[in-house]
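Engineer: Got a structure for you, questions after.
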Amino acid sequence: MRSFAASDRFVADVKARKVAPGYVFIGDEAFFRKRCRDAILQHLVPADVRELSLYDMDLADVDLQHVLDKARTPSLMSPFQVFFIRGIKNLYGRGKHDDEFGAIEDYFKNPNPDALLVFVADHISIPADVRRMDLTDKDRYERIRETLGEHCPLLEFARVEEGDAVKWAIASAIAEGVTLDTDAARELVDSLGSDMMMVANELEKLVLFVGDKKRITLGDVETLVLAAKQRSFYELTDAISSRDRGRALAVLDAILSSGDGEEAAIGHLYMLSRTFRQMLVILERNVRDSRALWQALWQGFRIPPFAAEDIIRQARRYKSRRELTSAIRRVARADLALRSNPPSKRLILENLVLDLTAEPKPQEAGWLQDELPV
């Protein structure tokens, strides 16, 4: 699988203890970053001396020269030291940074063979299709490649292609002795916006959920993954459709304060968009009860039974198709903003909720030409 190739090679090199003095982990896909970090801890940093040999440092708080001096100094208590260095965007801020890059060059001319430096460039977002990479991120990538890339191999942690994510989920389930149906794997990946960290977490729960059945079906995914996630999102869309701005912001805060929080922001938007699209179908087909709802929504796009009446009630608060399509477009714009590596994902989501709870403009309400049956 192409999406996993870089991390696969790195993990294999770490197992064989064939590592360079330094690497740059570039990209905001947390799944691969965790996978590579776990391999380093397992094979290079013994658990009994981990407190004395593992360092997590941030250049927003620590001077780079201090990090390099510490890396040069052999440890009396540990045979090998690992430094994870975050905040490297500080090396590319305003002002000259010739001294910092000169110090990096000096270090790698004669690196400590018993130390590994990992520069974490998680402020850059790399899409599955690199041709769609944001221009700002392209510029940041090139600057890192031309500086740190001169001394360290770059490991690209791009978003995973949907097809590769599905294959990974099926293979991972097999490794646990469980069969994951193809349609269930697609729904799992699709419902979580191909966020691999969330896919891995939810797959682990599904394996435990099916137990001795040893098979995960589409129904299992809809029951465990979608139902659990959608409970909170139906609360959110209930507040949004009621134009209750205060309650909507409170529910959003609860969502962001639990689980993966802001790290799963794109997955949150996917669930919100999915709910609005379900409402749109309900309005267009004039669904009035749960029995008609199962006929209107196809398999893989259905609503958990507990939410059937709620979602019908919410959908009917919208007076026109145009109101809902406008909401879906706003969610899509927020998705683009999130993928451009903003300073605050929470702020984007809060602004989206403020937009969605505002009273519709006359052209969105479409009172004359866009009415739907009541």
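Residues are referred to by chain and number: the chain letter is A, B, ... according to the order shown in the structure tokens, the number counts from 1 in that chain, and ligands are numbered separately from 1 in the order shown.
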Hey, what's within 12 Å of Lys138 (chain A) if we count only C-alpha atoms and toss same-chain stuff fewer than 5 positions away? As an MDAnalysis selection string, please?

Structural biologist: chainID A and resid 26:27 123:127 130:133 143:145 340:341

Engineer: With N, CA and C atoms kept, could you save the residues just selected as a PDB file, in the first residue's frame?

Structural biologist:
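The resulting selection_6.pdb:
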```pdb
ATOM      1  N   ILE A  26       7.561  14.738   8.594  1.00  0.00           N
ATOM      2  CA  ILE A  26       6.872  15.876   8.010  1.00  0.00           C
ATOM      3  C   ILE A  26       5.458  15.484   7.589  1.00  0.00           C
ATOM      4  N   GLY A  27       4.479  16.207   8.102  1.00  0.00           N
ATOM      5  CA  GLY A  27       3.083  15.909   7.825  1.00  0.00           C
ATOM      6  C   GLY A  27       2.296  15.770   9.117  1.00  0.00           C
ATOM      7  N   HIS A 123       3.227  20.810  11.477  1.00  0.00           N
ATOM      8  CA  HIS A 123       2.460  21.999  11.097  1.00  0.00           C
ATOM      9  C   HIS A 123       2.179  22.032   9.595  1.00  0.00           C
ATOM     10  N   ILE A 124       2.573  20.990   8.891  1.00  0.00           N
ATOM     11  CA  ILE A 124       2.374  20.904   7.446  1.00  0.00           C
ATOM     12  C   ILE A 124       1.382  19.781   7.147  1.00  0.00           C
ATOM     13  N   SER A 125       0.416  20.071   6.305  1.00  0.00           N
ATOM     14  CA  SER A 125      -0.585  19.075   5.927  1.00  0.00           C
ATOM     15  C   SER A 125      -0.301  18.590   4.507  1.00  0.00           C
ATOM     16  N   ILE A 126      -0.179  17.274   4.357  1.00  0.00           N
ATOM     17  CA  ILE A 126       0.088  16.682   3.048  1.00  0.00           C
ATOM     18  C   ILE A 126      -1.115  15.826   2.654  1.00  0.00           C
ATOM     19  N   PRO A 127      -1.884  16.228   1.657  1.00  0.00           N
ATOM     20  CA  PRO A 127      -3.049  15.430   1.245  1.00  0.00           C
ATOM     21  C   PRO A 127      -2.630  14.132   0.573  1.00  0.00           C
ATOM     22  N   VAL A 130      -0.829  14.680  -3.567  1.00  0.00           N
ATOM     23  CA  VAL A 130       0.072  15.812  -3.294  1.00  0.00           C
ATOM     24  C   VAL A 130      -0.133  16.957  -4.276  1.00  0.00           C
ATOM     25  N   ARG A 131      -0.765  16.693  -5.406  1.00  0.00           N
ATOM     26  CA  ARG A 131      -1.028  17.766  -6.365  1.00  0.00           C
ATOM     27  C   ARG A 131      -2.023  18.779  -5.807  1.00  0.00           C
ATOM     28  N   ARG A 132      -2.763  18.369  -4.776  1.00  0.00           N
ATOM     29  CA  ARG A 132      -3.752  19.259  -4.170  1.00  0.00           C
ATOM     30  C   ARG A 132      -3.210  19.919  -2.900  1.00  0.00           C
ATOM     31  N   MET A 133      -1.929  19.840  -2.708  1.00  0.00           N
ATOM     32  CA  MET A 133      -1.316  20.411  -1.510  1.00  0.00           C
ATOM     33  C   MET A 133      -1.433  21.929  -1.522  1.00  0.00           C
ATOM     34  N   ARG A 143      11.106  24.632   2.064  1.00  0.00           N
ATOM     35  CA  ARG A 143      12.099  25.269   2.940  1.00  0.00           C
ATOM     36  C   ARG A 143      12.723  24.243   3.886  1.00  0.00           C
ATOM     37  N   ILE A 144      11.918  23.318   4.364  1.00  0.00           N
ATOM     38  CA  ILE A 144      12.459  22.261   5.228  1.00  0.00           C
ATOM     39  C   ILE A 144      13.352  21.331   4.427  1.00  0.00           C
ATOM     40  N   ARG A 145      12.926  20.979   3.209  1.00  0.00           N
ATOM     41  CA  ARG A 145      13.716  20.077   2.364  1.00  0.00           C
ATOM     42  C   ARG A 145      15.077  20.685   2.045  1.00  0.00           C
ATOM     43  N   SER A 340      -6.021  23.453   5.667  1.00  0.00           N
ATOM     44  CA  SER A 340      -4.968  24.421   5.342  1.00  0.00           C
ATOM     45  C   SER A 340      -4.091  24.726   6.553  1.00  0.00           C
ATOM     46  N   ASN A 341      -4.149  23.821   7.570  1.00  0.00           N
ATOM     47  CA  ASN A 341      -3.309  23.940   8.768  1.00  0.00           C
ATOM     48  C   ASN A 341      -3.504  25.279   9.488  1.00  0.00           C
TER      49      ASN A 341
END
```

Engineer: Neighbours of Asp8 (chain A) within 12 Å (only C-alpha atoms; same-chain residues fewer than 3 positions away dropped), as a list in words?

Structural biologist: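 The neighbour list is Met1, Arg2, Ser3, Phe4, Ala5, Val11, Ala12, Asp13, Val14, Lys15, Phe32, Arg33, Arg35, Cys36, Ala39, Leu155, Glu156 and Phe157 of chain A.
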
Engineer: Just to be explicit: take each residue in the selection above, keep C-alpha atoms, and write the result as a PDB file, in the first residue's frame.

Structural biologist:
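Wrote it out as again28.pdb, contents follow:
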```pdb
ATOM      1  CA  MET A   1       0.000   0.000   0.000  1.00  0.00           C
ATOM      2  CA  ARG A   2       1.583   3.213  -1.191  1.00  0.00           C
ATOM      3  CA  SER A   3       0.216   5.355   1.655  1.00  0.00           C
ATOM      4  CA  PHE A   4       2.014   3.160   4.212  1.00  0.00           C
ATOM      5  CA  ALA A   5       5.319   2.684   2.346  1.00  0.00           C
ATOM      6  CA  VAL A  11       9.838   0.604  11.027  1.00  0.00           C
ATOM      7  CA  ALA A  12      11.846  -2.105   9.228  1.00  0.00           C
ATOM      8  CA  ASP A  13      15.037  -0.018   9.501  1.00  0.00           C
ATOM      9  CA  VAL A  14      14.453   0.613  13.193  1.00  0.00           C
ATOM     10  CA  LYS A  15      13.929  -3.097  13.863  1.00  0.00           C
ATOM     11  CA  PHE A  32       2.097   7.355  11.109  1.00  0.00           C
ATOM     12  CA  ARG A  33       3.897   9.566  13.592  1.00  0.00           C
ATOM     13  CA  ARG A  35       3.568   4.188  14.550  1.00  0.00           C
ATOM     14  CA  CYS A  36       7.161   5.336  13.972  1.00  0.00           C
ATOM     15  CA  ALA A  39       8.868   1.462  16.825  1.00  0.00           C
ATOM     16  CA  LEU A 155       9.576  10.898   6.097  1.00  0.00           C
ATOM     17  CA  GLU A 156       6.336  12.139   4.543  1.00  0.00           C
ATOM     18  CA  PHE A 157       3.236  11.411   6.616  1.00  0.00           C
TER      19      PHE A 157
END
```

Engineer: Do a neighbour search on region 203-210 of chain A at 8 Å with only C-alpha atoms, toss out local chain neighbours closer than 2 positions, and write the hits as a ChimeraX atom specification.

Structural biologist: /A:169,173,176,178,199-201,212-216,220-221,224

Engineer: Write a file of the just-selected residues containing C-alpha atoms, as a compact mmCIF listing (two decimals), in the first residue's frame.

Structural biologist:
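File written: part.txt
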```txt
# COMPACT_ATOMS: atom_id res chain seq x y z
CA ALA A 169 -8.39 -2.09 8.10
CA ALA A 173 -8.62 -7.25 11.43
CA GLU A 176 -6.47 -10.16 15.06
CA VAL A 178 -11.34 -11.35 12.70
CA VAL A 199 -9.97 4.24 12.21
CA ALA A 200 -7.39 2.28 14.22
CA ASN A 201 -9.06 3.14 17.54
CA ASP A 212 -16.36 -14.89 19.39
CA LYS A 213 -18.37 -14.06 16.28
CA LYS A 214 -15.01 -13.19 14.68
CA ARG A 215 -16.69 -11.18 11.92
CA ILE A 216 -17.37 -7.45 11.63
CA ASP A 220 -21.69 -3.72 13.53
CA VAL A 221 -20.05 -0.55 12.22
CA LEU A 224 -21.00 0.71 17.41
```

Engineer: To test your reading of the structure, identify every residue in region 70-315 of chain A that backbone DSSP assigns to alpha helix (DSSP H), and report it as a ChimeraX atom specification.

Structural biologist: /A:70-72,98-109,135-146,162-175,182-191,196-210,218-220,227-241,245-256,265-284,290-296,308-315

Engineer: So, counting only C-alpha atoms, which residue among A:Asp137, A:Phe25, A:Glu51, A:Gly102 is closest to Arg86 (chain A)?

Structural biologist: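 For Arg86 (chain A), the nearest of the given residues is A:Phe25.
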
Engineer: Fewer than 3 positions away in the same chain doesn't count, so skip those; otherwise give me all residues within 9 Å of region 71-76 of chain A, counting only C-alpha atoms, as a list in words.

Structural biologist: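 Result of the neighbour search: Leu52, Ser53, His66, Val67, Leu68, Pro79, Phe80, Gln81, Val82, Phe83, Tyr107, Pro111, Asn112, Asp114, Ala115, Leu116 and Leu117 of chain A.
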
Engineer: When distances are computed from only C-alpha atoms, which of A:Leu180, A:Leu236, A:Ala103, A:Ala265 shows the smallest separation from Gln65 (chain A)?

Structural biologist: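 Checking each candidate against Gln65 (chain A), we get A:Ala103 as the closest.
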
Engineer: Restricting the calculation to only C-alpha atoms: of A:Glu150, A:Asp244, A:Asp253, A:Asp183, which residue gets closest to Ser232 (chain A)?

Structural biologist: A:Asp253

Engineer: Identify, on the basis of only C-alpha atoms, every residue whose closest approach to region 90-101 of chain A does not exceed 7 Å; exclude the query and any residue fewer than 6 positions from it along the same chain; express the result as a short mmCIF file (atom, residue, chain, number, x, y, z; two decimals) with N, CA and C atoms, in the first residue's frame.

Structural biologist:
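Saved the output as result_5.cif:
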```cif
data_model
loop_
_atom_site.label_atom_id
_atom_site.label_comp_id
_atom_site.auth_asym_id
_atom_site.auth_seq_id
_atom_site.Cartn_x
_atom_site.Cartn_y
_atom_site.Cartn_z
N LEU A 59 10.86 23.62 20.46
CA LEU A 59 11.70 24.79 20.22
C LEU A 59 11.00 26.10 20.56
N ALA A 60 9.70 26.01 20.90
CA ALA A 60 9.02 27.20 21.40
C ALA A 60 9.43 27.49 22.84
N LEU A 64 17.52 25.74 20.55
CA LEU A 64 18.03 24.65 19.72
C LEU A 64 19.45 24.25 20.13
#
```

Engineer: Mind pulling up the distance from CA of Arg329 (chain A) to CA of Arg346 (chain A)?

Structural biologist: 18.8 Å

Engineer: Out of A:Ala334, A:Leu272, A:Val189, A:Leu154, which residue has the shortest atom-to-atom distance to Val120 (chain A) when counting only C-alpha atoms?

Structural biologist: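 Of all the options, A:Leu154 lies closest to Val120 (chain A).
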
Engineer: I'd like to know which residues of region 31-181 of chain A are strand (DSSP E or B) (by DSSP, run on the backbone); could you write them as an NGL selection string?

Structural biologist: :A and (54-58 or 81-86 or 115-121 or 154-156 or 179-180)

Engineer: Just how far from CA of Val19 (chain A) is CA of Met196 (chain A), in Å to one decimal?

Structural biologist: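 According to the coordinates, CA of Met196 (chain A) and CA of Val19 (chain A) are separated by 25.4 Å.
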
Engineer: Kindly indicate which residue among A:Asp134, A:Asp195, A:Glu323, A:Asp106 lies nearest to Ala337 (chain A), using only C-alpha atoms for the distances.

Structural biologist: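 That would be A:Asp134, the residue with the smallest distance to Ala337 (chain A).
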
Engineer: For Gly163 (chain A), which residue out of A:His151, A:Arg186, A:Lys109, A:Arg322 is the nearest one, using only C-alpha atoms?

Structural biologist: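 Counting only C-alpha atoms, the residue closest to Gly163 (chain A) is A:Arg186.
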
Engineer: Give me, please, the distance in Å between CA of Met77 (chain A) and CA of Gln42 (chain A), quoted to one decimal.

Structural biologist: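 Distance between the two atoms: 18.0 Å.
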